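First comes the structure, then the notes that go with it.
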Amino acid sequence: MSRLTTPVFLLVVWLAVWGEVSVVNVVSGIAVVAIVSLLFRRVQPGRHRIHVVGLVRLLAVFVWRLLTSSANVVLTVLAPTPERLRSGVVGVELSDPSPLVATIVSDAISLTPGTLTLEARFPNPGPDGPLPPTLFIHVLGLDDAEAIRDDVQRLEALVLSAITPNGLDREAAPDREGGS
Amino acid sequence: MIPLLIAHLVVAVACLAAGRAGARWALPFAALAPAATFVWLVAQAADVLDGDSPTSTVEWIPEFSLTIALRLDGFGLLMGLIVSGIGVLVLLYSTQYFGRRDDLGRLAGMLVGFAGAMLGIVWADGLLTLFVFWELTSITSFLLIGFTDKVEAARAAANRAFLVTGAGGLCLLAGLIILTITGDATTISELAADPPSGTLTNVALVLLLLGAFTKSAQFPFHFWLPGAMAAPTPVSAYLHSATMVKAGLVVVARFAPTFAAEGPWRWLIVGAGLSSLLLGGVRAMRQQDAKLALAHGTVSQLGFLMVLLGLGTSAATYAGVAMLLAHALFKAALFLCVGVVDHETGTRDMRRLRGLRRALPIVAASVTVAAASMAAIPPTFGFVAKEKALDGLLDNEIGAVGTVALIGIAIGSVLTVAYTIRIAVGLLGDDAPGIDVDHAPIDPASLHRPKPAFVAVPALLAVSSIVAGLAAGPVGRWLADVTTSLDEKTATKELKLWPGVNEALLLSTAIILAGVALWWFTRPSTRTVDARQSLATDIYDRLYDGLLDGARRTTVLTQSGSLPFYLAVVLTTLAAALGAALIAGATDSIASPRFSNSAVEFVAVVVTGALAIAVLAARTRFVAAVLLGGSGYGLAIVYLVQGAPDLAITQFLVETLTIVVFLLVLARLPSDFLPAPAWAPRIARITIAVAVGATMSLFALSASGSRTAPSAGEAYVALSEPEAGGRNVVNVILVDFRGFDTFGEITVLAVAGAGVINLVRAARREQRRKHIEDGTDVAPPETEVDRQVGAWR
Amino acid sequence: MSAVVDVVAAVLLLTGSGLALIAAIGLFRMPDTYSRIHVATKPATLAVVCTVGAALLRVPDLAPTSKLLLAVALQFWTAPVASHMVGRAAHSAGLRPDEPWVVDDLATIEGDAGFSAGEGGDADDR
Amino acid sequence: MSALLPLLVGVPLLGAACSLAVIRSRPVQRVISVVCSGSVVGISIALLIDVDRNGTEVASIGGWPAEIAINLVADRFATLMLTISSLMLLAVLVYAMGQRTDHERSRFFHPAYLALIGGVCGAFLAGDLFNLFVWFEALLIASYVLLTLDGTDDQIRSGTTYVVLNVIESFVLVTGVALIFAATGTLNMAVLPERLAELPDGIQLGLNLLLLIAFGLKAAVFPLYSWLPDSYPAAPSPVSAVFAGLLTKIGVYAIIRTQTLLFPDTNRTLLLVIAGLTMVVGVVGAIAQSDMKRILSFHIVSQIGYMIMGVALGGVVAITATIFYMVHHIPVKTSLFLVEGIVERETGTSSLSKVSGMARRSGPLAALFLIPAFSLAGLPPFSGFLGKTAVVTEGLQQRSWWIVAVALAVSLMTLISMLKIWTGAFWGAPDPADEDAREGDGVLRHHRLMSAVTGAVVTLTLAIALFAGPIYRFCERAAADATDPLAYALAVLP
Amino acid sequence: MTAVVWVCGIMLGAAGFLTTIHVIRSRNLADRAVGIDMLIAIVLNSLAVSIAFSQDDLFAALVLIIGLLAFLGSVTIARYIEERGP
Amino acid sequence: MSVEQALLIGLMAGAGTYLALHRTLTRIILGLGLLGNAVNLLILTSGDGPGEPPIIGREGEFTDPIPQALVLTAIVIGFGVISFLLAMAYRAWTIDGNDEVEDDISDRQLADRAAETGDADTAPGREGGS
């Protein structure tokens, strides 16, 4: 993820808002983006590398999960049974300390009907730098907490295969990827 | 003349500005200005008496007849000589009287400033010019009475004097302006040449007289003058006996020959003058403070002068002018003598004074001479003048008013003789009962002798009383020339020291005898009595307190300090105004309006209205805020239906932002509302609300139903694409046609933002300080941004 | 072509509206707030995506399309954050369901000094 | 020359933006403020001379035809008010910078102050009703910020009253403007007179009253004045000085503008009654108070009555008198508050029961108070006398006896309350308990900048009195401009 | 298409009605927040349906902005809940 | 302006007035919000009736664009003012823990003094003078 990714992305958004690619829009967009980037220059995610294939796969898996869990929830609403209504909070420790990854994972969880990230706790940094966070997930229709944990960890692996934090770029990643 | 006045001003300012540094030289330096005036006047005298009146005019705002117009006529010459002459003397006397003090610069400045203003009055020809200088003398008098401002009584007296003369001044102003209107004239000489008449003029004259009465301490406005004795004695001598109190007389003298025959003039003059003459005389009999006794005497004498100068007959006017001069001489002399006594003995109380004849012989002689002049005993000038006055009044040419005046003056003169003797004896006699143990009679042996220069001034004045009396013939002829400027018929008048035995002389003799008898018989009772505060002062104080109290009560009613009350007033006014417009026929313009534009609009209107009503019922802040937001969203739909998508977007945006801000703040506040205020019943609020709502919607319907011309919007639509190059007309208007509005709008937003940050920071600062004070110093709470930043790291 | 597009659009519209309705019903049928978050906000979000997708199909111009696309993207980005925020706020404010959770890992780490709040979770340490 | 008009608004607002940008550096903020404020003064004076020579200047913003553009219109009336106002604004700015505690004050003072200047200029120049509203808003919001600058308890409490009532004022104003547009289809003040004249009487009356209520509230006219004496005293001294001198007068300006330009043929008996009540209620309130700032604040109300009286009397002469009155009143009122500020800074209070003997402590300061105080009470030879006489003379000319009687009685009561301040605070012995009380000239030397500014403003009031003739004649021309809708229309729409 | 839109309209209307009742009935803020979120989603749905039906792009920007604002609103309410309790 | 629009204006203005006449600043602000909405609607409807949005290229009769531009300005200004008022409410809360608008202190003191008879602030120096 180069230094220019965010600005370029923002510029595209700007143009989309205006719905027209004209000189005025581009110039004003660059100006606005420059100002925004300056104002929020401290709020930059760390460096990450994007893998296109991984990204596509992540999206596909995600959409699929979305559809199935939506159906699940529809079912819950139309025919609620005590099992379907059982809920609980499950803590899942992630494997990567990158906040961006944690954010994406927890967003994906929250977007999926049936699961919702309630809280994310970051352990105090260890000697080798930051430690991976723990997500606490509220689950509707919970029957096996371990299954949820596995599920989330699989999701994280998918995310990591799409967006790899720089400097933490390691061989272990493909392994986990294989597990999905 | 203008340069002379400016010279006074410059000297005054210089003295004032010098501050402490000027204490040594200020008084003699200040005397330069009146001295120069005196010299100039003497030089002009011959020309002026030949009928040549130098004038001097400065246009100020001629558009409403405001010019500084000065004119030196005979009367002005006489008064100018008195003002500047006595001015010089008083300033010289003051150098002795005050000795070394820090604040003499201030005193000298104000005195010389006063002298300038007084000269302005006596020389004024322009009507408003008169008023300008008139008020200037009030101001300087105020500051001079309050010269000893550490004394509460002095401050009160200064206030009283200023307010009474100020009120009179306003009457005078109104009178003068009305005269400029009815007489179509801006100067006194123009008025005299072509006098107006009629009710309006009479009203103006009455107002003018009211002004003159206050300034010259006439009943019922006399009470400020004794109070003004709180001023240092030289000031009293100058302002409150010799000059300023004569300002009212000057005005009356200038107007009387022209207007005395009009309406109620003479009766007013005689009424006020005689009342003052008698009342002042009676009260002078009851004072133990020699200066106060003299002050009451002044009231009395001023009443006498008022009658003489105000009657408007040539004989009375002539006698009045002579009396004016006499009074200036003897009264100033008496005051200055009392000043010396006060300075040397430390008291002015006649119960404590004794042995002054031996201790202060020159003073004693001066007092005797001046008192003789005051009591009209030959061969003083006082006698000569009063003889002329009685003579003139006996020649009654104005009917009943004249008779009343004569009788009153006779009685008043008896009193004058009596109190004059009483004062003279009180000051110079050896019989001093003392007041009480602490205030025993003084010990004459311990007195040190005043410097010759100190007593020279009163002595000089006293001597001139006699000299003028002895030289009655030439002085009388000179005065006759002087007085022609007021009344041409006085040219032939003359004064005589010994006119032969005539009615007037007999009357005089009777008066003197009666006066002596009165003094003798009242002596036991007046020896120790001390008058209480006068009734008039009581009434004034009660009025003043009443005014203050009334003001306070009124203000409590009008200024309740309650925001809901103020709002209620404003909103009621609004409803009333719109209601008035509706009653005045605005409803005629409602021309068969549609009920609804479309079904969607109907739904949106109902929802919006329902939510708005629901806000009223909300019991918690959160619900109320959200309902308001809902109402706003509903309104956005109404906008949409009206054909305003951009507006709807903005409405959504702003409404949400408002709710967001609301919730941010509400998070801090208690969640439930407190009960409604007790100031007004709910029904009042509902009534106002209904009135505002109903009148607004009706008037809105009427106003929009009375469109007469097409909207300017059509031009914008036409110009939008070809000229401004934009298709969305609303946007084009915002950024181009009416971009200036948007500029202002951005300003508002930016400043509001700055204000919000400012307040929030103020709150933060205070909380931090509280924490530190409580010993619970903690880091300032994180902001949302801080947190987000933290989240990303 | 346009017929196909119309059919797809109609299906999307119906799906979206149906999801919205089901979500609304869900509000009544779920026992506690957290469950309601699951059944209400999320299907409603999907519903928006569906209907906006239909609108996208029907309006081919570039300008509105870009806006609508952006709107969909925005939904994907904001909806989870919003529901997370609401859930977390409810939890940290002390809201608990009437029927206790079968598993509550969060309760076990309360007060654990080894953790500091992340993602804005500073409500406890203030 | 008309190119200068937008600058009057633009320069201070640009300055405000820059001032916000350099919020961390007070010296730079000061330089910006002084430069902007000074250039507004310069431009105003240049305009004054130019307009007097060449007649009304018009600038159509954006270069659109004047019929549809927002116009800035500078006739003699507007430029006169602009000049005197900008002078006061500059003076108070410098005064504020001379305050020793300024460093504790909010850094938003300068931006807000500059925005206020911009708003004031905009309001004076606006030739479009809605634009007038916008600039009114700008100056109001700036005034809100200035009033609550320190965010103290007092300021918040009285600020609430001020803000809420002024928000209502804005609503009434914009309602009036909107309905005028509804009825006429235009907002251009050059076009409006003829269109308004065609409307039915009831509608005209309603529209007129709406504007009157809005501007009357701003001008603190009976019965809409109550907010003023409660809110102004709480503001920091320089702020209350500029509010007192200026803001209400903008309301009066707008009343004159709308009354003479938009509704010239209204029956103004009601307004005359209101003028009388305003005078009385203000001065009665002043008498009742025992705090300098509050006395002075009530006097603002009372004095507004005189101006409204002039407006109500109507006609060129009365308007001339009113304009002259305004010209005199702005510096007089400002200087009174400035003196009060020095007293307060020196003694720490403005309560008459706690201050005394200031005249002994500083004679020059006493003079600086006495001159405007007597001027306010209408005593000659100060400017107030001229203003009062002008108004009263016109009242007598028109045979409105009772209002003249009221006006004169009120000026006596004004004197009473001025004497209350003078005898209370300036006379008497200085408080012996106050050990570090400076004596003699030390007071002024200690507050050198503040005193210099106050002195300058007082000198200005004296100069107004001295050169009253030429100023009055200018006012006469200004009134002729203001009372002639046709000339206004011709100048804007050639 | 008209029929589809009618059906959609009825469903959305019913959903809106139910949600409003929920908002009014609910006893804690979090529930209200959920309801308000829903309501805005329903408004967005309605707008999208109307765009799809009329093929008029006028409201496209509205969808975008309301979407954004809904988020802003939720976040604010969440913060409110956090400070004040549910 | 249709009748129902006028009614809505009146209703919102009335409701706003009612709320503004309270002592709680929050209520007052809510009232001002409603009043602001009423006024904005009034501005918008002060043009001609409803019509097509005034965008060049669209079919049909346009509505008057000017009121729309005015309302846009007015809405934003209103927002600024309301935000400022809310900041004041917040500041008021940090001072005394609520947002009730108290009566002016000096006015209350004056009322107290006027209630007492024979107070100290009478004419300076009765004893002065003769």
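Going by the structure tokens order, chains are called A, B, ..., each with residues numbered from 1, while ligands are numbered from 1 in the order shown.
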Inset, instruction - Can you check which residues of segment 31-110 of chain A DSSP gives as alpha helix (DSSP H) on the backbone and send them as a PyMOL selection string? - result: chain A and resi 31-39+52-78+82-85+99-110
Inset, instruction - Give me the residues within 8 Å of Ser216 of chain B as a list in words, counting only C-alpha atoms and dropping any in the same chain fewer than 2 places off. - result: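 My list of contacting residues is Ala212, Phe213, Thr214, Gln218, His222, Met244, Val245, Lys246, Ala247, Gly248, Leu249, Val299 and Leu302 of chain B.
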Legend entry - 8 Å contact set for Val92 of chain A, only C-alpha atoms, chain neighbours under 2 positions out, as a list in words: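 Non-adjacent residues within range: Val90, Leu94, Thr134, Leu135, Phe136, Ile137, Arg149, Val152 and Gln153 of chain A.
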Each residue of chain F lying at most 7 Å from chain D should get a row with its shortest atom-to-atom pair and the distance in Å to one decimal, counting only C-alpha atoms; could you produce that, ordered by chain and increasing number, as JSON lines?
{"residue": "F:Gly36", "atom": "CA", "partner": "D:Phe171", "partner_atom": "CA", "distance": 6.8}
{"residue": "F:Val39", "atom": "CA", "partner": "D:Thr175", "partner_atom": "CA", "distance": 6.1}
{"residue": "F:Ile43", "atom": "CA", "partner": "D:Ala178", "partner_atom": "CA", "distance": 5.0}
{"residue": "F:Ser46", "atom": "CA", "partner": "D:Ala182", "partner_atom": "CA", "distance": 4.4}
{"residue": "F:Gly47", "atom": "CA", "partner": "D:Ala182", "partner_atom": "CA", "distance": 5.7}
{"residue": "F:Met88", "atom": "CA", "partner": "D:Ile156", "partner_atom": "CA", "distance": 6.7}
{"residue": "F:Ala92", "atom": "CA", "partner": "D:Ile156", "partner_atom": "CA", "distance": 6.5}
{"residue": "F:Ile95", "atom": "CA", "partner": "D:Asp153", "partner_atom": "CA", "distance": 6.6}
{"residue": "F:Val101", "atom": "CA", "partner": "D:Arg157", "partner_atom": "CA", "distance": 6.8}
{"residue": "F:Glu102", "atom": "CA", "partner": "D:Arg157", "partner_atom": "CA", "distance": 6.9}
{"residue": "F:Asp104", "atom": "CA", "partner": "D:Asp230", "partner_atom": "CA", "distance": 6.5}
Restricting it to N, CA, C and O atoms, dump the selection as a PDB file, in the first residue's frame.
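The result, stored in out_39.pdb:
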ATOM      1  N   GLY F  36     -37.214  27.981  13.816  1.00  0.00           N
ATOM      2  CA  GLY F  36     -36.363  28.094  12.637  1.00  0.00           C
ATOM      3  C   GLY F  36     -36.938  27.297  11.482  1.00  0.00           C
ATOM      4  O   GLY F  36     -36.991  27.768  10.333  1.00  0.00           O
ATOM      5  N   VAL F  39     -39.822  29.128  10.030  1.00  0.00           N
ATOM      6  CA  VAL F  39     -39.421  30.274   9.218  1.00  0.00           C
ATOM      7  C   VAL F  39     -38.863  29.806   7.881  1.00  0.00           C
ATOM      8  O   VAL F  39     -39.150  30.379   6.828  1.00  0.00           O
ATOM      9  N   ILE F  43     -40.092  30.832   4.203  1.00  0.00           N
ATOM     10  CA  ILE F  43     -39.308  31.420   3.115  1.00  0.00           C
ATOM     11  C   ILE F  43     -39.533  30.638   1.838  1.00  0.00           C
ATOM     12  O   ILE F  43     -39.775  31.197   0.766  1.00  0.00           O
ATOM     13  N   SER F  46     -42.687  31.182   0.132  1.00  0.00           N
ATOM     14  CA  SER F  46     -42.994  32.556  -0.234  1.00  0.00           C
ATOM     15  C   SER F  46     -42.848  32.772  -1.737  1.00  0.00           C
ATOM     16  O   SER F  46     -43.188  33.815  -2.247  1.00  0.00           O
ATOM     17  N   GLY F  47     -42.322  31.778  -2.418  1.00  0.00           N
ATOM     18  CA  GLY F  47     -42.273  31.892  -3.874  1.00  0.00           C
ATOM     19  C   GLY F  47     -43.622  31.469  -4.450  1.00  0.00           C
ATOM     20  O   GLY F  47     -44.645  31.531  -3.783  1.00  0.00           O
ATOM     21  N   MET F  88     -23.333  26.940  24.557  1.00  0.00           N
ATOM     22  CA  MET F  88     -23.597  27.725  25.767  1.00  0.00           C
ATOM     23  C   MET F  88     -24.283  26.860  26.813  1.00  0.00           C
ATOM     24  O   MET F  88     -23.985  26.957  28.023  1.00  0.00           O
ATOM     25  N   ALA F  92     -22.964  26.245  30.421  1.00  0.00           N
ATOM     26  CA  ALA F  92     -23.800  26.493  31.596  1.00  0.00           C
ATOM     27  C   ALA F  92     -23.794  25.269  32.490  1.00  0.00           C
ATOM     28  O   ALA F  92     -23.731  25.373  33.713  1.00  0.00           O
ATOM     29  N   ILE F  95     -20.848  25.000  34.589  1.00  0.00           N
ATOM     30  CA  ILE F  95     -20.778  25.974  35.676  1.00  0.00           C
ATOM     31  C   ILE F  95     -21.641  25.546  36.857  1.00  0.00           C
ATOM     32  O   ILE F  95     -21.182  25.478  37.984  1.00  0.00           O
ATOM     33  N   VAL F 101     -32.168  28.669  32.902  1.00  0.00           N
ATOM     34  CA  VAL F 101     -31.794  30.069  32.721  1.00  0.00           C
ATOM     35  C   VAL F 101     -32.252  30.847  33.936  1.00  0.00           C
ATOM     36  O   VAL F 101     -33.440  31.003  34.185  1.00  0.00           O
ATOM     37  N   GLU F 102     -31.280  31.314  34.706  1.00  0.00           N
ATOM     38  CA  GLU F 102     -31.623  32.048  35.922  1.00  0.00           C
ATOM     39  C   GLU F 102     -32.013  33.479  35.581  1.00  0.00           C
ATOM     40  O   GLU F 102     -31.625  34.004  34.553  1.00  0.00           O
ATOM     41  N   ASP F 104     -31.701  37.486  35.939  1.00  0.00           N
ATOM     42  CA  ASP F 104     -30.526  38.332  36.050  1.00  0.00           C
ATOM     43  C   ASP F 104     -30.293  38.723  37.507  1.00  0.00           C
ATOM     44  O   ASP F 104     -31.216  39.140  38.207  1.00  0.00           O
TER      45      ASP F 104
END
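Residues lying within 9 Å of Pro165 of chain A, counting only C-alpha atoms and ignoring same-chain neighbours fewer than 5 positions away, are A:Gly46, A:Arg47, A:His48, A:Arg49, A:Ile50, A:Asp96, A:Ser98, A:Leu100, A:Val101, A:Leu160.
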Legend entry - Residues of chain E within 7 Å of chain C, only C-alpha atoms counted, as an NGL selection string: :E and (1 or 4 or 8 or 11-12 or 14-15 or 18-19 or 30-31 or 34 or 37-38 or 41-42 or 44-45 or 48-49 or 51-52 or 55 or 57 or 60-61 or 63-64 or 67 or 71 or 74-75 or 78-79 or 81-82 or 85-86)
Inset, instruction - For segment 58-72 of chain A, please output as a VMD selection string all residues within 10 Å (counting only C-alpha atoms; exclusion window: fewer than 4 positions along the same chain). - result: (chain A and resid 52 to 54 76 to 78 84 108 to 109 111 to 115 141 155 to 163) or (chain C and resid 19 38 to 39 42 to 43 46)
